[in-house]
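File shown here: run-v9.pdb, holding PDB, C-alpha atoms.
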```pdb
MODEL        1
ATOM      1  CA  MET A   1    -124.479 -29.443   4.398
ATOM      2  CA  SER A   2    -121.029 -29.711   5.973
ATOM      3  CA  ALA A   3    -118.121 -30.712   3.777
ATOM      4  CA  THR A   4    -115.973 -33.707   4.542
ATOM      5  CA  VAL A   5    -112.191 -33.793   4.315
ATOM      6  CA  ALA A   6    -112.564 -35.810   1.082
ATOM      7  CA  ASP A   7    -114.802 -33.082  -0.401
ATOM      8  CA  LEU A   8    -112.258 -30.400   0.442
ATOM      9  CA  ILE A   9    -109.338 -32.413  -0.887
ATOM     10  CA  ASP A  10    -111.255 -32.801  -4.172
ATOM     11  CA  ARG A  11    -111.661 -29.030  -4.344
ATOM     12  CA  ALA A  12    -107.991 -28.504  -3.516
ATOM     13  CA  LEU A  13    -106.901 -30.956  -6.219
ATOM     14  CA  GLY A  14    -108.970 -28.931  -8.684
ATOM     15  CA  GLY A  15    -107.104 -25.785  -7.592
ATOM     16  CA  LEU A  16    -103.796 -27.561  -8.020
ATOM     17  CA  ASP A  17    -104.790 -28.543 -11.580
ATOM     18  CA  VAL A  18    -105.506 -24.879 -12.343
ATOM     19  CA  LEU A  19    -102.047 -23.874 -11.117
ATOM     20  CA  VAL A  20    -100.365 -26.606 -13.182
ATOM     21  CA  ALA A  21    -102.174 -25.349 -16.280
ATOM     22  CA  THR A  22    -101.143 -21.744 -15.533
ATOM     23  CA  ALA A  23     -97.518 -22.765 -14.956
ATOM     24  CA  GLU A  24     -97.186 -24.940 -18.065
ATOM     25  CA  PRO A  25     -95.981 -22.201 -20.468
ATOM     26  CA  VAL A  26     -92.661 -22.150 -18.585
ATOM     27  CA  SER A  27     -91.354 -24.995 -20.699
ATOM     28  CA  ASP A  28     -87.879 -25.204 -19.134
ATOM     29  CA  GLU A  29     -89.504 -25.993 -15.780
ATOM     30  CA  TRP A  30     -91.858 -28.614 -17.184
ATOM     31  CA  GLN A  31     -90.256 -31.471 -15.260
ATOM     32  CA  TYR A  32     -90.269 -29.540 -11.985
ATOM     33  CA  ILE A  33     -93.923 -28.568 -12.485
ATOM     34  CA  THR A  34     -94.784 -32.203 -13.195
ATOM     35  CA  ASP A  35     -92.821 -33.446 -10.180
ATOM     36  CA  LEU A  36     -94.452 -30.947  -7.839
ATOM     37  CA  GLY A  37     -97.890 -31.946  -9.108
ATOM     38  CA  ILE A  38     -97.145 -35.614  -8.495
ATOM     39  CA  VAL A  39     -95.775 -35.308  -4.962
ATOM     40  CA  TRP A  40     -98.343 -32.822  -3.690
ATOM     41  CA  ARG A  41    -101.321 -34.660  -5.200
ATOM     42  CA  ALA A  42    -100.059 -37.790  -3.477
ATOM     43  CA  ARG A  43     -99.744 -35.936  -0.152
ATOM     44  CA  LEU A  44    -103.266 -34.509  -0.412
ATOM     45  CA  ARG A  45    -104.746 -37.856  -1.436
ATOM     46  CA  ALA A  46    -103.049 -39.508   1.536
ATOM     47  CA  VAL A  47    -104.977 -37.131   3.820
ATOM     48  CA  ALA A  48    -108.226 -38.000   2.040
ATOM     49  CA  ASP A  49    -107.448 -41.703   2.455
ATOM     50  CA  GLN A  50    -106.876 -41.289   6.186
ATOM     51  CA  ARG A  51    -109.543 -38.748   7.131
ATOM     52  CA  GLY A  52    -111.852 -38.585   4.126
ATOM     53  CA  SER A  53    -115.146 -39.096   5.975
ATOM     54  CA  GLU A  54    -114.352 -36.575   8.694
ATOM     55  CA  VAL A  55    -116.769 -33.622   8.727
ATOM     56  CA  THR A  56    -115.005 -30.260   8.703
ATOM     57  CA  PRO A  57    -115.964 -26.983  10.357
ATOM     58  CA  PRO A  58    -117.369 -24.256   8.064
ATOM     59  CA  ALA A  59    -114.194 -22.186   8.514
ATOM     60  CA  THR A  60    -112.120 -24.965   6.950
ATOM     61  CA  ALA A  61    -114.362 -25.208   3.903
ATOM     62  CA  ALA A  62    -114.278 -21.426   3.541
ATOM     63  CA  ALA A  63    -110.477 -21.521   3.732
ATOM     64  CA  ILE A  64    -110.181 -24.107   0.970
ATOM     65  CA  ASP A  65    -112.665 -22.243  -1.235
ATOM     66  CA  GLU A  66    -110.754 -18.973  -0.751
ATOM     67  CA  LEU A  67    -107.485 -20.745  -1.468
ATOM     68  CA  VAL A  68    -108.843 -22.248  -4.699
ATOM     69  CA  ALA A  69    -110.165 -18.812  -5.690
ATOM     70  CA  GLU A  70    -106.716 -17.295  -5.077
ATOM     71  CA  ALA A  71    -105.146 -19.984  -7.269
ATOM     72  CA  GLY A  72    -107.574 -18.996 -10.007
ATOM     73  CA  ARG A  73    -106.511 -15.361  -9.744
ATOM     74  CA  ILE A  74    -102.880 -16.173 -10.469
ATOM     75  CA  ALA A  75    -102.171 -15.449 -14.124
ATOM     76  CA  ASP A  76     -98.380 -15.249 -14.153
ATOM     77  CA  PRO A  77     -96.898 -18.695 -14.903
ATOM     78  CA  HIS A  78     -93.796 -18.085 -12.789
ATOM     79  CA  ARG A  79     -95.882 -17.153  -9.792
ATOM     80  CA  ALA A  80     -98.011 -20.229 -10.460
ATOM     81  CA  ILE A  81     -94.879 -22.388 -10.148
ATOM     82  CA  ASP A  82     -94.185 -20.848  -6.737
ATOM     83  CA  TRP A  83     -97.803 -21.445  -5.779
ATOM     84  CA  LEU A  84     -97.641 -25.103  -6.767
ATOM     85  CA  SER A  85     -95.654 -25.473  -3.564
ATOM     86  CA  THR A  86     -97.475 -22.895  -1.446
ATOM     87  CA  PHE A  87    -101.009 -23.980  -2.350
ATOM     88  CA  PRO A  88    -100.885 -27.520  -0.932
ATOM     89  CA  GLN A  89     -99.129 -26.316   2.209
ATOM     90  CA  VAL A  90    -101.915 -23.810   2.875
ATOM     91  CA  ALA A  91    -104.557 -26.450   2.156
ATOM     92  CA  LEU A  92    -102.898 -28.864   4.569
ATOM     93  CA  ALA A  93    -102.590 -26.178   7.246
ATOM     94  CA  ALA A  94    -106.305 -25.406   6.919
ATOM     95  CA  LEU A  95    -107.022 -29.100   7.407
ATOM     96  CA  GLY A  96    -104.796 -29.219  10.475
ATOM     97  CA  GLU A  97    -102.124 -31.271   8.753
ATOM     98  CA  ALA A  98     -98.380 -30.833   8.629
ATOM     99  CA  GLY A  99     -96.812 -30.241   5.212
TER     100      GLY A  99
ATOM    101  CA  MET B   1     -59.696 -21.045   5.056
ATOM    102  CA  ARG B   2     -60.562 -17.426   5.732
ATOM    103  CA  PHE B   3     -63.508 -15.111   5.247
ATOM    104  CA  GLY B   4     -63.460 -11.809   3.416
ATOM    105  CA  ASP B   5     -65.638  -9.082   1.994
ATOM    106  CA  PRO B   6     -66.524  -9.301  -1.700
ATOM    107  CA  ARG B   7     -65.601  -6.526  -4.088
ATOM    108  CA  PRO B   8     -68.528  -4.088  -4.142
ATOM    109  CA  ASP B   9     -70.425  -4.032  -7.418
ATOM    110  CA  GLY B  10     -73.519  -2.242  -8.697
ATOM    111  CA  ARG B  11     -75.885  -5.062  -7.861
ATOM    112  CA  ALA B  12     -74.607  -5.273  -4.305
ATOM    113  CA  ILE B  13     -74.980  -1.534  -3.791
ATOM    114  CA  VAL B  14     -78.607  -1.563  -4.974
ATOM    115  CA  TYR B  15     -79.382  -4.689  -2.996
ATOM    116  CA  ALA B  16     -77.824  -3.208   0.144
ATOM    117  CA  GLN B  17     -80.516  -0.532   0.072
ATOM    118  CA  ILE B  18     -83.207  -3.218   0.029
ATOM    119  CA  GLN B  19     -81.487  -5.058   2.874
ATOM    120  CA  ALA B  20     -81.406  -1.858   4.926
ATOM    121  CA  ASP B  21     -85.089  -1.074   4.402
ATOM    122  CA  PRO B  22     -86.883  -1.082   7.797
ATOM    123  CA  LEU B  23     -89.575  -3.349   6.324
ATOM    124  CA  VAL B  24     -86.998  -6.144   6.036
ATOM    125  CA  ALA B  25     -86.020  -5.842   9.693
ATOM    126  CA  ARG B  26     -89.678  -5.688  10.793
ATOM    127  CA  ALA B  27     -90.436  -8.840   8.833
ATOM    128  CA  ALA B  28     -87.410 -10.710  10.170
ATOM    129  CA  THR B  29     -88.240  -9.721  13.749
ATOM    130  CA  GLN B  30     -91.785 -11.065  13.492
ATOM    131  CA  LEU B  31     -90.805 -14.199  11.582
ATOM    132  CA  GLU B  32     -88.021 -15.080  13.994
ATOM    133  CA  ALA B  33     -90.504 -15.932  16.719
ATOM    134  CA  ALA B  34     -93.255 -17.135  14.375
ATOM    135  CA  THR B  35     -94.817 -20.576  14.128
ATOM    136  CA  THR B  36     -94.547 -22.611  10.944
ATOM    137  CA  THR B  37     -98.116 -21.666   9.956
ATOM    138  CA  GLN B  38     -97.394 -17.981  10.499
ATOM    139  CA  ARG B  39     -94.325 -18.277   8.281
ATOM    140  CA  LEU B  40     -96.455 -20.028   5.685
ATOM    141  CA  LEU B  41     -98.927 -17.134   5.857
ATOM    142  CA  ALA B  42     -96.049 -14.741   5.153
ATOM    143  CA  ARG B  43     -94.886 -16.801   2.201
ATOM    144  CA  ALA B  44     -98.368 -17.075   0.708
ATOM    145  CA  ALA B  45     -99.421 -13.445   1.193
ATOM    146  CA  MET B  46     -96.095 -11.998  -0.013
ATOM    147  CA  ASN B  47     -96.486 -13.968  -3.231
ATOM    148  CA  GLY B  48    -100.245 -13.796  -3.703
ATOM    149  CA  GLU B  49    -102.497 -11.772  -5.978
ATOM    150  CA  SER B  50    -104.942 -10.579  -3.324
ATOM    151  CA  THR B  51    -104.002  -7.709  -1.055
ATOM    152  CA  ASP B  52    -107.258  -7.782   0.907
ATOM    153  CA  PRO B  53    -106.436  -9.042   4.420
ATOM    154  CA  VAL B  54    -109.903 -10.622   4.711
ATOM    155  CA  VAL B  55    -108.947 -13.098   1.986
ATOM    156  CA  TRP B  56    -105.889 -14.242   3.932
ATOM    157  CA  ARG B  57    -107.646 -14.368   7.292
ATOM    158  CA  THR B  58    -110.226 -16.657   5.686
ATOM    159  CA  MET B  59    -107.500 -18.829   4.170
ATOM    160  CA  PHE B  60    -105.793 -19.399   7.541
ATOM    161  CA  PRO B  61    -108.525 -20.457   9.998
ATOM    162  CA  THR B  62    -106.030 -21.830  12.504
ATOM    163  CA  LEU B  63    -104.547 -18.321  12.839
ATOM    164  CA  PHE B  64    -107.660 -16.135  12.461
ATOM    165  CA  GLY B  65    -110.739 -18.391  12.612
ATOM    166  CA  PRO B  66    -113.177 -19.175  15.431
ATOM    167  CA  SER B  67    -110.764 -21.621  17.071
ATOM    168  CA  ALA B  68    -107.734 -19.301  16.802
ATOM    169  CA  PRO B  69    -106.422 -17.277  19.748
ATOM    170  CA  PRO B  70    -108.504 -14.120  20.260
ATOM    171  CA  PRO B  71    -107.300 -10.603  19.366
ATOM    172  CA  GLY B  72    -105.028  -9.362  22.134
ATOM    173  CA  ASP B  73    -103.368 -12.744  22.502
ATOM    174  CA  ALA B  74     -99.649 -12.551  21.653
ATOM    175  CA  VAL B  75     -99.834 -15.286  19.020
ATOM    176  CA  ARG B  76    -102.849 -13.697  17.331
ATOM    177  CA  ASP B  77    -101.206 -10.288  17.391
ATOM    178  CA  ARG B  78     -98.130 -11.742  15.710
ATOM    179  CA  SER B  79    -100.315 -13.324  13.013
ATOM    180  CA  GLU B  80    -101.893  -9.922  12.366
ATOM    181  CA  ALA B  81     -98.505  -8.193  12.294
ATOM    182  CA  ILE B  82     -97.099 -10.747   9.865
ATOM    183  CA  LEU B  83    -100.107 -10.344   7.586
ATOM    184  CA  VAL B  84     -99.724  -6.554   7.545
ATOM    185  CA  ILE B  85     -96.007  -6.826   6.705
ATOM    186  CA  ALA B  86     -96.554  -9.518   4.068
ATOM    187  CA  LEU B  87     -99.145  -7.394   2.290
ATOM    188  CA  GLU B  88     -96.806  -4.388   2.430
ATOM    189  CA  VAL B  89     -94.235  -6.486   0.605
ATOM    190  CA  ALA B  90     -96.847  -7.750  -1.871
ATOM    191  CA  GLU B  91     -97.860  -4.202  -2.746
ATOM    192  CA  ARG B  92     -94.318  -3.197  -3.770
ATOM    193  CA  GLY B  93     -94.599  -4.540  -7.321
ATOM    194  CA  GLU B  94     -93.213  -7.711  -8.827
ATOM    195  CA  GLN B  95     -89.520  -6.816  -9.201
ATOM    196  CA  THR B  96     -89.183  -5.060  -5.858
ATOM    197  CA  ARG B  97     -91.084  -7.630  -3.868
ATOM    198  CA  SER B  98     -88.878 -10.339  -5.255
ATOM    199  CA  GLN B  99     -85.820  -8.519  -3.863
ATOM    200  CA  PHE B 100     -87.548  -7.882  -0.542
ATOM    201  CA  ARG B 101     -88.479 -11.521  -0.149
ATOM    202  CA  GLY B 102     -84.876 -12.602  -0.652
ATOM    203  CA  ALA B 103     -83.591  -9.993   1.779
ATOM    204  CA  ILE B 104     -86.158 -11.066   4.376
ATOM    205  CA  VAL B 105     -85.103 -14.724   4.204
ATOM    206  CA  GLU B 106     -81.451 -13.696   4.639
ATOM    207  CA  ALA B 107     -82.228 -11.384   7.573
ATOM    208  CA  LEU B 108     -84.327 -14.097   9.200
ATOM    209  CA  THR B 109     -81.546 -16.645   8.737
ATOM    210  CA  GLU B 110     -79.032 -14.250  10.275
ATOM    211  CA  ARG B 111     -81.218 -13.740  13.345
ATOM    212  CA  LEU B 112     -81.962 -17.421  13.840
ATOM    213  CA  LEU B 113     -78.294 -18.401  13.534
ATOM    214  CA  ALA B 114     -77.268 -15.633  15.928
ATOM    215  CA  ALA B 115     -79.533 -17.185  18.558
ATOM    216  CA  ARG B 116     -77.329 -20.299  18.471
ATOM    217  CA  THR B 117     -73.845 -19.262  17.452
ATOM    218  CA  GLY B 118     -71.651 -16.532  16.062
ATOM    219  CA  PRO B 119     -70.183 -14.373  14.794
ATOM    220  CA  VAL B 120     -72.757 -14.246  12.004
ATOM    221  CA  ARG B 121     -71.968 -12.177   8.903
ATOM    222  CA  ARG B 122     -73.706 -11.378   5.628
ATOM    223  CA  GLU B 123     -72.475 -11.381   2.026
ATOM    224  CA  ARG B 124     -69.025 -12.834   2.624
ATOM    225  CA  ARG B 125     -66.583 -14.788   0.524
ATOM    226  CA  ILE B 126     -64.653 -17.812   1.705
ATOM    227  CA  LEU B 127     -61.077 -17.954   0.512
ATOM    228  CA  PHE B 128     -58.838 -20.989   0.266
ATOM    229  CA  ASP B 129     -55.139 -21.131  -0.546
ATOM    230  CA  GLY B 130     -54.534 -21.728  -4.228
ATOM    231  CA  VAL B 131     -58.228 -21.685  -5.133
ATOM    232  CA  PRO B 132     -59.779 -18.812  -7.134
ATOM    233  CA  ALA B 133     -62.432 -16.984  -5.113
ATOM    234  CA  GLU B 134     -66.063 -17.645  -6.008
ATOM    235  CA  ILE B 135     -67.761 -14.737  -7.748
ATOM    236  CA  HIS B 136     -70.893 -14.845  -5.618
ATOM    237  CA  PRO B 137     -70.597 -14.270  -1.885
ATOM    238  CA  TYR B 138     -72.391 -16.532   0.569
ATOM    239  CA  ASP B 139     -75.610 -15.003   1.912
ATOM    240  CA  VAL B 140     -74.913 -15.732   5.566
ATOM    241  CA  THR B 141     -71.800 -17.111   7.223
ATOM    242  CA  VAL B 142     -70.935 -18.198  10.739
ATOM    243  CA  GLU B 143     -67.293 -17.299  11.216
ATOM    244  CA  HIS B 144     -66.655 -19.345  14.323
ATOM    245  CA  GLU B 145     -63.032 -20.410  14.630
ATOM    246  CA  THR B 146     -63.747 -24.113  14.996
ATOM    247  CA  ALA B 147     -67.294 -24.464  13.653
ATOM    248  CA  ALA B 148     -67.734 -22.302  10.573
ATOM    249  CA  GLU B 149     -70.892 -22.377   8.482
ATOM    250  CA  ALA B 150     -71.905 -21.060   5.057
ATOM    251  CA  TRP B 151     -75.563 -20.694   4.104
ATOM    252  CA  ASP B 152     -77.245 -19.805   0.871
ATOM    253  CA  CYS B 153     -80.781 -18.495   1.288
ATOM    254  CA  LYS B 154     -83.651 -19.018  -1.114
ATOM    255  CA  TRP B 155     -87.163 -17.658  -1.094
ATOM    256  CA  GLY B 156     -88.467 -20.707  -2.931
ATOM    257  CA  ALA B 157     -87.412 -24.212  -3.873
ATOM    258  CA  ARG B 158     -87.185 -23.122  -7.489
ATOM    259  CA  GLY B 159     -84.174 -21.013  -6.528
ATOM    260  CA  ILE B 160     -82.159 -24.160  -5.845
ATOM    261  CA  LYS B 161     -79.846 -24.419  -8.852
ATOM    262  CA  ALA B 162     -76.920 -26.630  -9.718
ATOM    263  CA  ASP B 163     -74.422 -23.754  -9.544
ATOM    264  CA  VAL B 164     -75.449 -22.963  -5.967
ATOM    265  CA  LEU B 165     -75.046 -26.596  -4.947
ATOM    266  CA  HIS B 166     -71.652 -26.778  -6.640
ATOM    267  CA  GLN B 167     -70.405 -23.648  -4.874
ATOM    268  CA  LEU B 168     -71.440 -24.957  -1.461
ATOM    269  CA  ASP B 169     -70.024 -28.406  -2.130
ATOM    270  CA  ASP B 170     -66.738 -26.962  -3.411
ATOM    271  CA  ALA B 171     -66.376 -24.833  -0.283
ATOM    272  CA  ARG B 172     -66.999 -27.830   1.960
ATOM    273  CA  ARG B 173     -64.439 -29.937   0.084
ATOM    274  CA  HIS B 174     -61.817 -27.189  -0.009
ATOM    275  CA  ALA B 175     -62.229 -26.668   3.731
ATOM    276  CA  ALA B 176     -61.810 -30.386   4.339
ATOM    277  CA  GLY B 177     -58.703 -30.262   2.154
ATOM    278  CA  GLU B 178     -57.236 -27.701   4.541
ATOM    279  CA  GLY B 179     -58.205 -29.782   7.530
ATOM    280  CA  GLU B 180     -61.015 -27.389   8.492
ATOM    281  CA  ARG B 181     -64.653 -28.116   9.209
ATOM    282  CA  LEU B 182     -67.176 -26.073   7.241
ATOM    283  CA  LEU B 183     -70.884 -26.804   7.491
ATOM    284  CA  VAL B 184     -72.642 -25.781   4.273
ATOM    285  CA  GLY B 185     -76.350 -25.557   3.667
ATOM    286  CA  LEU B 186     -79.403 -24.126   2.034
ATOM    287  CA  VAL B 187     -82.114 -22.211   3.849
ATOM    288  CA  VAL B 188     -85.290 -22.387   1.776
ATOM    289  CA  PHE B 189     -88.402 -20.450   2.746
ATOM    290  CA  ASP B 190     -90.520 -23.144   1.137
ATOM    291  CA  ALA B 191     -91.788 -26.627   1.892
ATOM    292  CA  ARG B 192     -89.229 -29.331   2.528
ATOM    293  CA  ARG B 193     -91.102 -31.630   0.151
ATOM    294  CA  SER B 194     -90.768 -29.160  -2.735
ATOM    295  CA  SER B 195     -87.152 -28.416  -1.863
ATOM    296  CA  GLU B 196     -86.277 -32.113  -1.951
ATOM    297  CA  VAL B 197     -87.967 -32.473  -5.344
ATOM    298  CA  ARG B 198     -85.829 -29.620  -6.640
ATOM    299  CA  LEU B 199     -82.629 -30.846  -5.009
ATOM    300  CA  VAL B 200     -82.863 -34.285  -6.536
ATOM    301  CA  ARG B 201     -83.257 -32.762 -10.005
ATOM    302  CA  GLU B 202     -80.492 -30.176  -9.635
ATOM    303  CA  ARG B 203     -77.918 -32.088  -7.636
ATOM    304  CA  GLY B 204     -75.997 -33.648 -10.509
ATOM    305  CA  PRO B 205     -72.927 -35.439  -9.171
ATOM    306  CA  ILE B 206     -73.062 -33.727  -5.775
ATOM    307  CA  ALA B 207     -73.389 -35.905  -2.709
ATOM    308  CA  LEU B 208     -76.205 -34.352  -0.731
ATOM    309  CA  GLU B 209     -75.055 -35.957   2.514
ATOM    310  CA  GLY B 210     -72.643 -33.057   2.991
ATOM    311  CA  LEU B 211     -75.304 -30.419   2.467
ATOM    312  CA  LYS B 212     -77.780 -29.281   5.114
ATOM    313  CA  LEU B 213     -81.266 -28.426   3.910
ATOM    314  CA  VAL B 214     -83.333 -26.256   6.228
ATOM    315  CA  ALA B 215     -86.817 -25.684   4.855
ATOM    316  CA  LEU B 216     -89.705 -23.552   6.086
ATOM    317  CA  GLU B 217     -90.982 -26.181   8.531
ATOM    318  CA  GLY B 218     -87.578 -26.518  10.200
ATOM    319  CA  LEU B 219     -86.247 -22.956  10.348
ATOM    320  CA  ASP B 220     -86.053 -23.002  14.135
ATOM    321  CA  ARG B 221     -83.306 -25.618  13.843
ATOM    322  CA  LEU B 222     -81.016 -22.789  12.736
ATOM    323  CA  ALA B 223     -81.464 -21.352  16.205
ATOM    324  CA  GLY B 224     -81.004 -24.719  17.860
ATOM    325  CA  ARG B 225     -84.702 -24.923  18.699
ATOM    326  CA  LYS B 226     -87.357 -27.489  17.888
ATOM    327  CA  PRO B 227     -89.853 -26.334  15.219
ATOM    328  CA  THR B 228     -93.178 -25.000  16.536
TER     329      THR B 228
ENDMDL
END
```

Final structure tokens representation of the file:
Amino acid sequence: MSATVADLIDRALGGLDVLVATAEPVSDEWQYITDLGIVWRARLRAVADQRGSEVTPPATAAAIDELVAEAGRIADPHRAIDWLSTFPQVALAALGEAG
Amino acid sequence: MRFGDPRPDGRAIVYAQIQADPLVARAATQLEAATTTQRLLARAAMNGESTDPVVWRTMFPTLFGPSAPPPGDAVRDRSEAILVIALEVAERGEQTRSQFRGAIVEALTERLLAARTGPVRRERRILFDGVPAEIHPYDVTVEHETAAEAWDCKWGARGIKADVLHQLDDARRHAAGEGERLLVGLVVFDARRSSEVRLVRERGPIALEGLKLVALEGLDRLAGRKPT
């Protein structure tokens, strides 16, 4: 069954949560980590609100799944902070959205 | 206001070797003509865990998927070249790749600025009468007689720190005090949204109106071009 944009945004938000958890040990960047989580979740949810029911091609679903898997492979908290910005951009690009 | 070379120190000598590595020039050449998504691919792959190109081709369907330009197309070939270079950087190890990434952003900035204006220089100080010189040189400067510019380059938004903002703001104000115009700015190889989040937190008393922010999506503006 084909995934909708809303399905893929849900998966992406799960990946973002994983990155936030990985980044959290960097206590002096706690506020930045929190701020990034807030603004990027809002951006991703805005796409779901606008295009949620849209059916996506298999390549888009595969892209999001690979992206979430990559987020799960990141163990270094400092790299996770960098990825808190990169991850949503890649997700949005896969969905044909601007950052 | 005048420009000058910084005193050479150990860090600069080591970093100069990174800057001169052919991999940096190859990356900057490809990224100069790249689209925003291709630049995002470079950012992601240079900072990822996976070094298998299949993973990254899957992650970027608009560059490599069924609807992407076919192999042999110039855009597709550039995507492939950028992926190869990005993974070469990623395989250098954490410390080294961090230095390479910074050098690549500076080299890219230099090339993009040179497409619009000049002369463009790297690692230069800006000196003002009666003002002690800053310790850290500016990454890239445009030393045009009537339209000078000073740019600090960052791989990621997290690199935006209060001391960097202060140095740029001080330079702009000192130039104005001498009746000169100096455009100051940050080039950040990261999303504008993330950069703005960081700027707001780090700005302190600095008025951001005097500071240009050029993020990953808008890099072509450095060259006087519209983003692609």

| message | Using all atoms listed in the file and a distance of at most 6 Å, pull out the residues of chain A that contact chain B, as a ChimeraX atom specification. | response | /A:63,66-67

Keeping only C-alpha atoms, write the selected residues to a file as an mmCIF file, keeping the file's coordinate frame.
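Result went into out-v2.cif, see below:
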```
data_model
loop_
_atom_site.group_PDB
_atom_site.id
_atom_site.type_symbol
_atom_site.label_atom_id
_atom_site.label_comp_id
_atom_site.auth_asym_id
_atom_site.auth_seq_id
_atom_site.Cartn_x
_atom_site.Cartn_y
_atom_site.Cartn_z
ATOM 1 C CA ALA A 63 -110.477 -21.521 3.732
ATOM 2 C CA GLU A 66 -110.754 -18.973 -0.751
ATOM 3 C CA LEU A 67 -107.485 -20.745 -1.468
#
```

Here atom CA of Phe100 of chain B and atom CA of Thr34 of chain A stand apart by 28.4 Å

- request: Please evaluate the PyMOL selection byres ((chain A and resi 54) around 12) against the structure above and give the resulting residues as a list of chain:residue names.
  value: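 Going through the file, the PyMOL selection byres ((chain A and resi 54) around 12) ends up selecting A:Ser2, A:Ala3, A:Thr4, A:Val5, A:Ala6, A:Asp7, A:Leu8, A:Ile9, A:Val47, A:Ala48, A:Asp49, A:Gln50, A:Arg51, A:Gly52, A:Ser53, A:Val55, A:Thr56, A:Pro57, A:Thr60, A:Leu95.
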
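Using only C-alpha atoms, the shortest contact distance between Gln167 of chain B and any of B:Gly179, B:Pro137, B:Gly118, B:Pro69 is found at B:Pro137.
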
7 Å contact set for segment 69-76 of chain A, all atoms listed in the file, chain neighbours under 2 positions out, as a list in words:
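Returned residues: Gly15, Val18, Leu19, Thr22, Asp65, Glu66, Leu67, His78, Arg79 and Ala80 of chain A; Glu49 of chain B.
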
Using the file's own x, y and z axes, so that the box edges lie along x, y and z, what centre and edge lengths in Å (one decimal) does a box around every listed atom of segment 65-82 of chain B get when 3 Å is added on each side? Give it as AutoDock Vina command-line options.
```
--center_x -105.1 --center_y -14.9 --center_z 16.2 --size_x 22.1 --size_y 19.4 --size_z 18.6
```

Point to revise | Nearest-residue call for Ala91 of chain A, choices A:Ala42, A:Ile64, A:Ile33, A:Ala23, using only C-alpha atoms | key: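 The shortest atom-to-atom distance to Ala91 of chain A comes from A:Ile64.
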
From the list B:Val184, B:Ala28, B:Ala86, B:Val140, the nearest residue to Thr51 of chain B using all atoms listed in the file is B:Ala86

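Across B:Ile18, B:Leu213, B:Ala68, B:Leu83, the tightest approach to Gln38 of chain B is made by B:Leu83 when counting all atoms listed in the file.
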
* Asked: Hey, which of B:His144, B:Arg221, B:Arg78, B:Arg92 ends up closest to Ala27 of chain B? Count only C-alpha atoms.
  ->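 For Ala27 of chain B, the nearest of the given residues is B:Arg78.
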